[in-house]
>>> print(open('target_17.cif').read())   # mmCIF, C-alpha atoms and all ligand atoms
data_work
#
loop_
_atom_site.label_atom_id
_atom_site.label_comp_id
_atom_site.auth_asym_id
_atom_site.auth_seq_id
_atom_site.Cartn_x
_atom_site.Cartn_y
_atom_site.Cartn_z
CA MET A 1 38.38 15.59 46.79
CA TYR A 2 36.87 15.54 50.26
CA ASN A 3 33.41 17.01 50.72
CA TYR A 4 32.04 17.55 54.21
CA LEU A 5 28.53 18.90 54.69
CA SER A 6 28.70 20.51 51.25
CA ASP A 7 27.10 20.00 47.86
CA PRO A 8 29.51 21.33 45.24
CA GLU A 9 28.87 21.12 41.51
CA LEU A 10 31.62 19.58 39.42
CA TYR A 11 31.42 20.24 35.69
CA ARG A 12 33.83 18.85 33.10
CA THR A 13 36.39 17.94 35.72
CA GLY A 14 38.94 15.16 35.61
CA ILE A 15 39.77 13.43 38.89
CA ARG A 16 42.54 11.01 38.19
CA ARG A 17 45.28 9.00 39.85
CA ASN A 18 44.63 10.05 43.42
CA LEU A 19 45.53 7.81 46.33
CA THR A 20 44.33 7.25 49.88
CA ASP A 21 44.92 4.65 52.54
CA GLY A 22 41.29 5.00 53.56
CA ASP A 23 37.94 5.56 51.83
CA GLY A 24 37.23 7.48 48.63
CA GLY A 25 40.23 7.48 46.34
CA GLY A 26 38.79 10.05 43.94
CA ILE A 27 35.94 11.67 45.86
CA ALA A 28 34.85 11.18 49.46
CA ASN A 29 31.43 12.53 50.43
CA GLU A 30 30.73 12.83 54.12
CA ALA A 31 27.12 13.92 54.45
CA SER A 32 27.58 15.61 51.07
CA SER A 33 25.72 15.35 47.78
CA PRO A 34 27.75 16.85 44.94
CA LEU A 35 26.48 17.11 41.38
CA ILE A 36 28.98 15.43 39.07
CA ASP A 37 28.34 16.47 35.47
CA GLU A 38 30.46 15.40 32.47
CA CYS A 39 33.33 14.36 34.69
CA SER A 40 35.99 11.72 34.38
CA ILE A 41 36.91 9.82 37.55
CA LYS A 42 39.63 7.38 36.60
CA PHE A 43 42.49 5.38 38.06
CA ASN A 44 42.03 6.49 41.67
CA THR A 45 42.89 4.12 44.48
CA ALA A 46 41.50 3.64 47.98
CA ASP A 47 43.16 1.34 50.47
CA VAL A 48 46.62 1.89 48.97
CA ASP A 49 48.29 -0.14 51.71
CA GLY A 50 46.03 -3.12 50.98
CA ASP A 51 45.07 -3.79 54.58
CA GLY A 52 41.41 -4.13 53.58
CA ILE A 53 40.41 -0.88 55.28
CA GLY A 54 39.33 1.54 52.60
CA THR A 55 36.76 1.31 49.84
CA GLY A 56 35.20 3.40 47.10
CA GLY A 57 38.16 3.79 44.76
CA GLY A 58 36.27 6.21 42.52
CA MET A 59 33.77 7.65 44.99
CA TRP A 60 32.77 6.97 48.56
CA THR A 61 29.68 8.34 50.24
CA THR A 62 28.22 8.07 53.71
CA PRO A 63 24.63 6.83 54.11
CA PHE A 64 21.77 9.33 53.62
CA ALA A 65 23.74 11.49 51.17
CA ASN A 66 22.85 11.48 47.49
CA PRO A 67 25.58 12.48 45.04
CA GLN A 68 24.09 12.87 41.56
CA VAL A 69 26.09 11.68 38.57
CA LEU A 70 25.31 12.71 34.98
CA ASN A 71 27.12 11.95 31.68
CA SER A 72 30.28 10.92 33.51
CA VAL A 73 32.85 8.18 33.28
CA ILE A 74 33.90 6.34 36.45
CA CYS A 75 36.31 3.54 35.63
CA GLY A 76 39.62 1.92 36.38
CA ASN A 77 39.47 2.77 40.07
CA MET A 78 40.66 0.33 42.75
CA PRO A 79 39.45 -1.65 44.64
CA ASN A 80 36.02 -0.69 43.25
CA GLN A 81 34.26 2.17 41.48
CA ILE A 82 31.59 3.48 43.85
CA PHE A 83 30.76 2.70 47.47
CA GLY A 84 27.65 4.08 49.08
CA PRO A 85 24.54 5.75 47.72
CA TRP A 86 24.42 7.73 44.49
CA ILE A 87 21.79 8.81 41.98
CA ASP A 88 22.30 7.83 38.35
CA LEU A 89 20.95 10.71 36.26
CA GLY A 90 21.87 8.90 33.04
CA GLY A 91 24.59 8.85 30.43
CA ASN A 92 27.16 7.37 32.82
CA LEU A 93 29.74 4.70 32.29
CA VAL A 94 30.76 2.86 35.46
CA ALA A 95 33.21 0.04 34.72
CA ASP A 96 36.24 -1.72 36.18
CA GLU A 97 38.04 -1.43 32.85
CA CYS A 98 38.20 1.92 31.10
CA PRO A 99 37.51 2.01 27.39
CA ALA A 100 40.34 3.38 25.27
CA ASP A 101 40.36 7.15 25.39
CA ALA A 102 42.75 8.93 23.05
CA CYS A 103 43.07 11.83 25.42
CA ASP A 104 44.49 9.69 28.23
CA ALA A 105 47.79 10.06 26.36
CA ASP A 106 47.71 13.84 26.73
CA ILE A 107 50.01 13.49 29.71
CA ASN A 108 50.60 17.19 30.33
CA GLY A 109 46.96 18.09 29.67
CA ASP A 110 47.67 20.83 27.12
CA GLY A 111 45.09 19.50 24.67
CA VAL A 112 47.39 17.90 22.14
CA ILE A 113 49.35 14.66 22.09
CA ASN A 114 52.84 15.46 20.90
CA ILE A 115 56.56 15.48 21.67
CA LEU A 116 56.04 17.08 25.09
CA ASP A 117 53.99 14.09 26.24
CA PHE A 118 56.55 11.74 24.74
CA THR A 119 59.34 13.49 26.64
CA THR A 120 57.49 13.07 29.93
CA LEU A 121 56.91 9.41 29.15
CA LEU A 122 60.64 8.93 28.56
CA VAL A 123 61.52 10.65 31.84
CA GLU A 124 59.02 8.48 33.74
CA TRP A 125 59.88 5.27 31.88
CA GLY A 126 59.86 2.22 34.15
CA LYS A 127 58.34 4.07 37.08
CA VAL A 128 56.16 1.89 39.29
CA GLY A 129 53.22 3.52 41.05
CA VAL A 130 51.18 6.57 40.27
CA SER A 131 52.44 8.63 37.34
CA ASP A 132 50.79 10.94 34.84
CA ALA A 133 52.71 9.03 32.20
CA ASP A 134 50.94 5.79 33.20
CA ILE A 135 48.42 6.23 30.42
CA ASN A 136 46.57 2.94 30.87
CA GLY A 137 46.51 3.11 34.66
CA ASP A 138 48.20 -0.22 35.40
CA LEU A 139 50.70 1.46 37.74
CA ILE A 140 53.78 1.05 35.57
CA VAL A 141 55.10 3.23 32.76
CA ASP A 142 56.06 0.85 30.01
CA ILE A 143 55.64 -0.19 26.39
CA ALA A 144 51.85 -0.40 26.70
CA ASP A 145 51.69 3.30 27.50
CA PHE A 146 54.12 4.10 24.71
CA SER A 147 51.93 2.18 22.25
CA THR A 148 48.88 4.20 23.22
CA LEU A 149 50.85 7.40 22.84
CA LEU A 150 51.95 6.41 19.33
CA ILE A 151 48.46 5.35 18.25
CA THR A 152 46.94 8.61 19.43
CA TRP A 153 49.84 10.85 18.35
CA GLY A 154 48.62 14.22 17.12
CA SER A 155 45.11 13.85 18.55
CA ASP A 156 43.31 17.06 19.39
CA CYS A 157 42.04 16.81 22.95
CA SER A 158 41.11 20.43 23.45
CA GLU A 159 37.49 21.27 24.07
CA CA B 201 50.01 17.08 25.69
CA CA B 202 50.96 1.74 32.24
#
>>> encode(input="target_17.cif", output="structure tokens")
Amino acid sequence: MYNYLSDPELYRTGIRRNLTDGDGGGIANEASSPLIDECSIKFNTADVDGDGIGTGGGMWTTPFANPQVLNSVICGNMPNQIFGPWIDLGGNLVADECPADACDADINGDGVINILDFTTLLVEWGKVGVSDADINGDLIVDIADFSTLLITWGSDCSE
């Protein structure tokens, strides 16, 4: 998501597995101060080509802007979580490693973890790089993702 001279409000939004060669894998704020409320910003990557140009895997913000973050999870982004200014309104988790979240295994996002997610995982099996079936965000679809799917099988992820 690229914000330029705008202050949108994001509420209960998931921003996951986005890629850029430059800055701001998940959200880039150029002179913008969004309100980020109950959002999940996970497994986004800046500087995909690894040339050292590109930062703010989860969120990147230019100086003098003030994105406000409330009750949100920002984790598992590369090469870092947040670059630039932001205002912590509380209830946030910002971490390199994401805690286990049953609903990460809801690959197709329909609110339940079932055979449809398993089918997608089979189709994507062995894929290297960004995939919805890469449940743990380590950029390969393998047995670790399958294990998480099994453990969380049948979970209700609807809101
Ligand atoms: Ca599902
Ligand atoms: Ca994986």
>>> axis_aligned_box(input="target_17.cif", around="stretch 103-119 of chain A", padding_each_side="4 Å", output="AutoDock Vina command-line options")
--center_x 51.2 --center_y 15.3 --center_z 25.6 --size_x 24.3 --size_y 19.1 --size_z 17.4
>>> closest_residue(input="target_17.cif", among="A:Val112, A:Glu9, A:Gln81, A:Thr120", to="A:Gln68", atoms="all atoms listed in the file")
A:Glu9
>>> residues_near_ligand(input="target_17.cif", ligand="ligand CA 202 (chain B)", cutoff="7 Å", atoms="all atoms listed in the file", output="list of chain:residue names")
A:Asp134, A:Ile135, A:Asn136, A:Gly137, A:Asp138, A:Leu139, A:Ile140, A:Val141, A:Asp142, A:Ala144, A:Asp145
>>> residues_near_point(input="target_17.cif", point="(34.6, 2.6, 45.5)", cutoff="7 Å", atoms="all atoms listed in the file", output="list in words")
Gly24, Thr55, Gly56, Gly57, Gly58, Met59, Trp60, Pro79, Asn80, Gln81, Ile82 and Phe83 of chain A
>>> residues_around(input="target_17.cif", residues="A:Asp51", least_positions_apart="5", cutoff="12 Å", atoms="only C-alpha atoms", output="count of residues only")
4
>>> atom_distance(input="target_17.cif", atom1="atom CA of A:Pro34", atom2="atom CA of A:Cys75")
18.4 Å
>>> residues_near_ligand(input="target_17.cif", ligand="ligand CA 201 (chain B)", cutoff="10 Å", atoms="only C-alpha atoms and all ligand atoms", output="list in words")
Cys103, Asp104, Ala105, Asp106, Ile107, Asn108, Gly109, Asp110, Gly111, Val112, Ile113, Asn114, Ile115, Leu116, Asp117, Phe118, Thr120, Trp153, Gly154, Ser155, Asp156, Cys157 and Ser158 of chain A
>>> write_last_selection(input="target_17.cif", atoms="C-alpha atoms", output="compact mmCIF listing (two decimals), keeping the file's coordinate frame")
# COMPACT_ATOMS: atom_id res chain seq x y z
CA CYS A 103 43.07 11.83 25.42
CA ASP A 104 44.49 9.69 28.23
CA ALA A 105 47.79 10.06 26.36
CA ASP A 106 47.71 13.84 26.73
CA ILE A 107 50.01 13.49 29.71
CA ASN A 108 50.60 17.19 30.33
CA GLY A 109 46.96 18.09 29.67
CA ASP A 110 47.67 20.83 27.12
CA GLY A 111 45.09 19.50 24.67
CA VAL A 112 47.39 17.90 22.14
CA ILE A 113 49.35 14.66 22.09
CA ASN A 114 52.84 15.46 20.90
CA ILE A 115 56.56 15.48 21.67
CA LEU A 116 56.04 17.08 25.09
CA ASP A 117 53.99 14.09 26.24
CA PHE A 118 56.55 11.74 24.74
CA THR A 120 57.49 13.07 29.93
CA TRP A 153 49.84 10.85 18.35
CA GLY A 154 48.62 14.22 17.12
CA SER A 155 45.11 13.85 18.55
CA ASP A 156 43.31 17.06 19.39
CA CYS A 157 42.04 16.81 22.95
CA SER A 158 41.11 20.43 23.45
>>> closest_residue(input="target_17.cif", among="A:Ile53, A:Leu121, A:Ala31, A:Ile41", to="A:Asn66", atoms="all atoms listed in the file")
A:Ala31
>>> atom_distance(input="target_17.cif", atom1="atom CA of A:Tyr4", atom2="atom CA of A:Arg16")
20.2 Å
>>> closest_residue(input="target_17.cif", among="A:Pro8, A:Gly25, A:Pro63, A:Gly50", to="A:Trp86", atoms="all atoms listed in the file")
A:Pro63
>>> closest_residue(input="target_17.cif", among="A:Asn71, A:Thr13, A:Thr152, A:Thr45", to="A:Gly26", atoms="all atoms listed in the file")
A:Thr45
>>> decode(input="target_17.cif", residues="stretch 33-72 of chain A", atoms="N, CA and C atoms", output="mmCIF file, in the first residue's frame")
data_model
loop_
_atom_site.group_PDB
_atom_site.id
_atom_site.type_symbol
_atom_site.label_atom_id
_atom_site.label_comp_id
_atom_site.auth_asym_id
_atom_site.auth_seq_id
_atom_site.Cartn_x
_atom_site.Cartn_y
_atom_site.Cartn_z
ATOM 1 N N SER A 33 0.070 10.030 6.995
ATOM 2 C CA SER A 33 -0.078 9.559 8.370
ATOM 3 C C SER A 33 -1.356 8.742 8.528
ATOM 4 N N PRO A 34 -1.350 7.500 8.044
ATOM 5 C CA PRO A 34 -2.547 6.675 8.185
ATOM 6 C C PRO A 34 -2.800 6.295 9.646
ATOM 7 N N LEU A 35 -4.060 5.964 9.935
ATOM 8 C CA LEU A 35 -4.403 5.332 11.206
ATOM 9 C C LEU A 35 -4.548 3.841 10.945
ATOM 10 N N ILE A 36 -3.774 3.054 11.666
ATOM 11 C CA ILE A 36 -3.758 1.604 11.462
ATOM 12 C C ILE A 36 -4.324 0.966 12.723
ATOM 13 N N ASP A 37 -5.546 0.435 12.623
ATOM 14 C CA ASP A 37 -6.304 -0.001 13.789
ATOM 15 C C ASP A 37 -6.695 -1.477 13.629
ATOM 16 N N GLU A 38 -6.240 -2.306 14.553
ATOM 17 C CA GLU A 38 -6.530 -3.751 14.537
ATOM 18 C C GLU A 38 -6.136 -4.390 13.214
ATOM 19 N N CYS A 39 -4.945 -4.069 12.755
ATOM 20 C CA CYS A 39 -4.468 -4.623 11.492
ATOM 21 C C CYS A 39 -3.350 -5.626 11.719
ATOM 22 N N SER A 40 -3.127 -6.424 10.712
ATOM 23 C CA SER A 40 -2.082 -7.432 10.733
ATOM 24 C C SER A 40 -1.155 -7.187 9.548
ATOM 25 N N ILE A 41 0.088 -6.822 9.837
ATOM 26 C CA ILE A 41 1.066 -6.540 8.781
ATOM 27 C C ILE A 41 2.186 -7.557 8.932
ATOM 28 N N LYS A 42 2.100 -8.596 8.112
ATOM 29 C CA LYS A 42 2.989 -9.741 8.306
ATOM 30 C C LYS A 42 3.657 -10.182 7.006
ATOM 31 N N PHE A 43 4.881 -10.652 7.154
ATOM 32 C CA PHE A 43 5.587 -11.369 6.081
ATOM 33 C C PHE A 43 5.746 -10.548 4.806
ATOM 34 N N ASN A 44 5.856 -9.234 4.942
ATOM 35 C CA ASN A 44 6.139 -8.391 3.779
ATOM 36 C C ASN A 44 7.650 -8.192 3.677
ATOM 37 N N THR A 45 8.113 -7.927 2.475
ATOM 38 C CA THR A 45 9.548 -7.815 2.252
ATOM 39 C C THR A 45 9.888 -6.574 1.444
ATOM 40 N N ALA A 46 10.821 -5.762 1.990
ATOM 41 C CA ALA A 46 11.424 -4.681 1.220
ATOM 42 C C ALA A 46 12.809 -5.138 0.781
ATOM 43 N N ASP A 47 13.352 -4.488 -0.191
ATOM 44 C CA ASP A 47 14.671 -4.871 -0.701
ATOM 45 C C ASP A 47 14.711 -6.342 -1.108
ATOM 46 N N VAL A 48 13.790 -6.751 -1.953
ATOM 47 C CA VAL A 48 13.717 -8.144 -2.387
ATOM 48 C C VAL A 48 15.010 -8.597 -3.059
ATOM 49 N N ASP A 49 15.626 -7.687 -3.827
ATOM 50 C CA ASP A 49 16.837 -8.102 -4.557
ATOM 51 C C ASP A 49 18.088 -8.096 -3.690
ATOM 52 N N GLY A 50 17.948 -7.662 -2.419
ATOM 53 C CA GLY A 50 19.060 -7.783 -1.488
ATOM 54 C C GLY A 50 20.253 -6.908 -1.784
ATOM 55 N N ASP A 51 20.037 -5.814 -2.509
ATOM 56 C CA ASP A 51 21.177 -4.939 -2.816
ATOM 57 C C ASP A 51 21.412 -3.894 -1.725
ATOM 58 N N GLY A 52 20.654 -3.998 -0.629
ATOM 59 C CA GLY A 52 20.845 -3.088 0.494
ATOM 60 C C GLY A 52 20.086 -1.783 0.353
ATOM 61 N N ILE A 53 19.425 -1.588 -0.793
ATOM 62 C CA ILE A 53 18.615 -0.389 -0.991
ATOM 63 C C ILE A 53 17.152 -0.785 -0.815
ATOM 64 N N GLY A 54 16.582 -0.323 0.277
ATOM 65 C CA GLY A 54 15.208 -0.707 0.601
ATOM 66 C C GLY A 54 15.122 -1.097 2.054
ATOM 67 N N THR A 55 14.230 -0.443 2.789
ATOM 68 C CA THR A 55 14.064 -0.744 4.203
ATOM 69 C C THR A 55 12.594 -0.575 4.581
ATOM 70 N N GLY A 56 12.287 -0.924 5.829
ATOM 71 C CA GLY A 56 10.897 -0.853 6.266
ATOM 72 C C GLY A 56 10.077 -1.987 5.692
ATOM 73 N N GLY A 57 10.416 -3.219 6.053
ATOM 74 C CA GLY A 57 9.694 -4.370 5.516
ATOM 75 C C GLY A 57 8.202 -4.305 5.798
ATOM 76 N N GLY A 58 7.847 -3.944 7.034
ATOM 77 C CA GLY A 58 6.434 -3.831 7.389
ATOM 78 C C GLY A 58 5.862 -2.480 6.986
ATOM 79 N N MET A 59 6.555 -1.405 7.413
ATOM 80 C CA MET A 59 6.077 -0.058 7.114
ATOM 81 C C MET A 59 7.252 0.896 7.024
ATOM 82 N N TRP A 60 7.168 1.798 6.072
ATOM 83 C CA TRP A 60 8.195 2.791 5.839
ATOM 84 C C TRP A 60 7.521 4.157 5.760
ATOM 85 N N THR A 61 8.132 5.121 6.439
ATOM 86 C CA THR A 61 7.514 6.448 6.490
ATOM 87 C C THR A 61 8.579 7.525 6.366
ATOM 88 N N THR A 62 8.263 8.549 5.587
ATOM 89 C CA THR A 62 9.194 9.666 5.447
ATOM 90 C C THR A 62 9.184 10.503 6.730
ATOM 91 N N PRO A 63 10.247 11.277 6.971
ATOM 92 C CA PRO A 63 10.280 12.141 8.152
ATOM 93 C C PRO A 63 9.086 13.106 8.167
ATOM 94 N N PHE A 64 8.699 13.510 9.356
ATOM 95 C CA PHE A 64 7.652 14.522 9.602
ATOM 96 C C PHE A 64 6.239 14.010 9.329
ATOM 97 N N ALA A 65 6.087 12.725 9.040
ATOM 98 C CA ALA A 65 4.756 12.124 8.991
ATOM 99 C C ALA A 65 4.586 11.300 10.267
ATOM 100 N N ASN A 66 3.362 11.031 10.643
ATOM 101 C CA ASN A 66 3.114 10.349 11.907
ATOM 102 C C ASN A 66 2.013 9.303 11.809
ATOM 103 N N PRO A 67 2.299 8.158 11.161
ATOM 104 C CA PRO A 67 1.301 7.092 11.165
ATOM 105 C C PRO A 67 1.017 6.661 12.604
ATOM 106 N N GLN A 68 -0.261 6.402 12.898
ATOM 107 C CA GLN A 68 -0.657 5.991 14.235
ATOM 108 C C GLN A 68 -1.076 4.530 14.193
ATOM 109 N N VAL A 69 -0.528 3.740 15.123
ATOM 110 C CA VAL A 69 -0.776 2.309 15.106
ATOM 111 C C VAL A 69 -1.406 1.897 16.441
ATOM 112 N N LEU A 70 -2.536 1.179 16.346
ATOM 113 C CA LEU A 70 -3.318 0.802 17.523
ATOM 114 C C LEU A 70 -3.746 -0.662 17.414
ATOM 115 N N ASN A 71 -3.497 -1.434 18.475
ATOM 116 C CA ASN A 71 -3.972 -2.826 18.564
ATOM 117 C C ASN A 71 -3.651 -3.635 17.311
ATOM 118 N N SER A 72 -2.447 -3.482 16.805
ATOM 119 C CA SER A 72 -2.071 -4.164 15.567
ATOM 120 C C SER A 72 -0.845 -5.050 15.765
#
